[in-house]
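Engineer: Before we start, here is the structure in question, set down as structure tokens.
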Amino acid sequence: MKWATAIFVALTCVTSVLGAEKATQSPNVLVIPKCAKPPVIDGIVGPDEWAGAAAFTGFQHIFNWMTERQPVIYVTYDDSRIYFAMDSRFPADSKLVRVARYRDHKRVCRDDTLEIFIAPDYENRGDLDYQFLGNSLGVIQDILARPSIGNTLLGWNGNWEFKNTTSPGRWQAEVSIALAEVGLKPGRDFGLNVCR
């Protein structure tokens with residue numbers, strides 16, 4: 001069974017602010033630097049290509065305790081895209097859950113996945129959300145949601161790329177998402193939730 005882990009991050013630049021408990025907790029803030037050269041999206045998290053990116057860890061289970069898995073997430077952007085990388089280590093004798101075999105399979109969210117949720121307008125984040133998922137077989141799912149009216153478009157296909165590699169005890173993934181696809185603009189706050 002997949003252990004849901006999440007970090008709530010608020011970014012400023014192509015920026016994000018997402019508070020898990022708005023009344024009692026200040027949102028986390030992470031400044032995302034613009035990259036001089038975009039990373040190659042090949043599923044191999046090379047130290048040189050992600051050296052200038054923002055990095056974070058500190059993942060929690062959905063019930064707010066720290067998870068035993070602590071992937072490192074990297075984020076950067078250029079004029080047209082936002083980039084994410086994940087380097088996740090786990091016990092070499094364990095296996096990643098990966099049942100879904102085709103795009104938008106309803107089972108993708110139950111597999112071990114990298115999930116990225118983007119709310120382009122932080123102040124009105126209940127109005128429009130984008131969800132991007134990829135499992136360790138390279139199977140993807142993308143969802144456009146309008147939570148305020150209870151509408152989820154499972155058939156929506158975003159302009160994004162997901163590549164990953166696995167080896168015993170390690171899973172790496174890289175993602176590239178068009179800024180225009182999700183309405184992101186440099187200097188504007190947006191909501192971001194990353195899960196593994």
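A note on labels: chains of the structure tokens are A, B, ... as shown, every chain counts residues from 1, and ligands are counted from 1 in their shown order.
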List the spatial neighbours of Asp48 in chain A as an MDAnalysis selection string - criterion: any atom at most 12 Å away, only C-alpha atoms, same-chain residues fewer than 3 positions off excluded.
Structural biologist: chainID A and resid 35:40 44:45 51:53
Engineer: List the spatial neighbours of Pro91 in chain A as a PyMOL selection string - criterion: any atom at most 12 Å away, only C-alpha atoms, same-chain residues fewer than 6 positions off excluded.
Structural biologist: chain A and resi 68-70+167-171
Engineer: Take the residues from that selection and write them out as a PDB file, in the first residue's frame, keeping C-alpha atoms.
Structural biologist:
```pdb
ATOM      1  CA  GLU A  68      10.407   7.372   6.977  1.00  0.00           C
ATOM      2  CA  ARG A  69      10.836   8.125   3.275  1.00  0.00           C
ATOM      3  CA  GLN A  70      12.432  11.508   2.730  1.00  0.00           C
ATOM      4  CA  SER A 167      17.526   1.021  -9.283  1.00  0.00           C
ATOM      5  CA  PRO A 168      17.586  -1.035  -6.061  1.00  0.00           C
ATOM      6  CA  GLY A 169      16.730   1.374  -3.259  1.00  0.00           C
ATOM      7  CA  ARG A 170      16.454   4.459  -5.442  1.00  0.00           C
ATOM      8  CA  TRP A 171      13.831   6.128  -7.625  1.00  0.00           C
TER       9      TRP A 171
END
```
Engineer: Please provide as a ChimeraX atom specification all residues within 9 Å of range 122-135 of chain A, with the sequence filter that same-chain residues fewer than 4 positions apart are discarded (counting only C-alpha atoms).
Structural biologist: /A:16-18,96-100,108-109,111-118,139-149,158,160,162-164,173,182,188-192
Engineer: Just to be explicit: take each residue in the selection above, keep C-alpha atoms, and write the result as a compact mmCIF listing (two decimals), in the first residue's frame.
Structural biologist:
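Saved as again-v4.txt:
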```txt
# COMPACT_ATOMS: atom_id res chain seq x y z
CA SER A 16 3.75 29.15 -4.29
CA VAL A 17 1.93 29.61 -1.08
CA LEU A 18 -0.20 26.77 0.24
CA LEU A 96 7.79 0.15 -5.45
CA VAL A 97 4.06 -0.38 -5.92
CA ARG A 98 3.37 -0.04 -9.65
CA VAL A 99 0.19 -1.60 -10.92
CA ALA A 100 -1.14 1.03 -13.38
CA VAL A 108 -2.19 5.40 -10.74
CA CYS A 109 -2.94 7.27 -7.50
CA ASP A 111 0.80 3.24 -6.88
CA ASP A 112 4.01 4.76 -5.58
CA THR A 113 3.84 8.03 -7.46
CA LEU A 114 5.32 11.46 -7.67
CA GLU A 115 2.32 13.80 -7.44
CA ILE A 116 2.40 17.52 -8.09
CA PHE A 117 -0.63 19.68 -7.36
CA ILE A 118 -0.63 23.26 -8.65
CA VAL A 139 2.64 5.82 -16.46
CA ILE A 140 1.11 9.27 -16.04
CA GLN A 141 -2.18 10.81 -15.07
CA ASP A 142 -3.18 14.46 -15.21
CA ILE A 143 -6.31 16.00 -13.78
CA LEU A 144 -7.87 19.44 -14.00
CA ALA A 145 -10.11 20.08 -10.99
CA ARG A 146 -12.54 22.81 -10.09
CA PRO A 147 -13.18 21.95 -6.42
CA SER A 148 -15.51 24.88 -5.78
CA ILE A 149 -18.07 23.39 -8.17
CA GLY A 158 -1.75 18.64 -19.94
CA TRP A 160 3.98 18.17 -19.55
CA PHE A 162 7.57 12.88 -16.99
CA LYS A 163 10.63 10.62 -17.08
CA ASN A 164 12.01 8.37 -14.35
CA ALA A 173 12.02 11.31 -11.60
CA VAL A 182 -1.23 25.92 -15.61
CA ARG A 188 2.97 35.62 -8.64
CA ASP A 189 2.15 33.31 -5.71
CA PHE A 190 0.68 29.92 -6.44
CA GLY A 191 -0.21 26.85 -4.41
CA LEU A 192 2.00 23.78 -4.62
```
Engineer: What are the DSSP strand (DSSP E or B) residues of range 48-150 of chain A, as an NGL selection string?
Structural biologist: :A and (54-56 or 60-61 or 66 or 72-77 or 81-89 or 113-119 or 129-135 or 140-146)
Engineer: Just want the 8 Å neighbourhood of Ala178 in chain A, counted on only C-alpha atoms, with same-chain residues fewer than 5 positions away dropped. Output as a list in words.
Structural biologist: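 Listed by chain and then number, they are Ser80, Arg81, Ile82, Asn159 and Trp160 of chain A.
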Engineer: Could you take the residues named above and write them with C-alpha atoms, as a compact mmCIF listing (two decimals), in the first residue's frame?
Structural biologist:
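Once everything was written out, this is selection.txt:
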```
# COMPACT_ATOMS: atom_id res chain seq x y z
CA SER A 80 8.31 28.83 -20.56
CA ARG A 81 8.40 25.87 -18.14
CA ILE A 82 8.65 24.85 -14.50
CA ASN A 159 1.37 19.85 -21.72
CA TRP A 160 3.98 18.17 -19.55
```
Engineer: Would you mind reading off the distance between CA of Asp79 in chain A and CA of Pro33 in chain A, one decimal, in Å?
Structural biologist: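 We find that CA of Asp79 in chain A and CA of Pro33 in chain A lie 11.7 Å from each other.
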Engineer: Quick check, in Å to one decimal: how far apart do CA of Gly58 in chain A and CA of Pro71 in chain A lie?
Structural biologist: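 Computed distance, CA of Gly58 in chain A to CA of Pro71 in chain A, equals 8.2 Å.
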Engineer: For each of A:Asn151, A:Asn193, A:Thr57, A:Asn28, take the minimum atom-to-atom distance to Asp87 in chain A, counting only C-alpha atoms, then give the residue where this is smallest.
Structural biologist: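 Under the stated criterion, the closest residue is A:Thr57.
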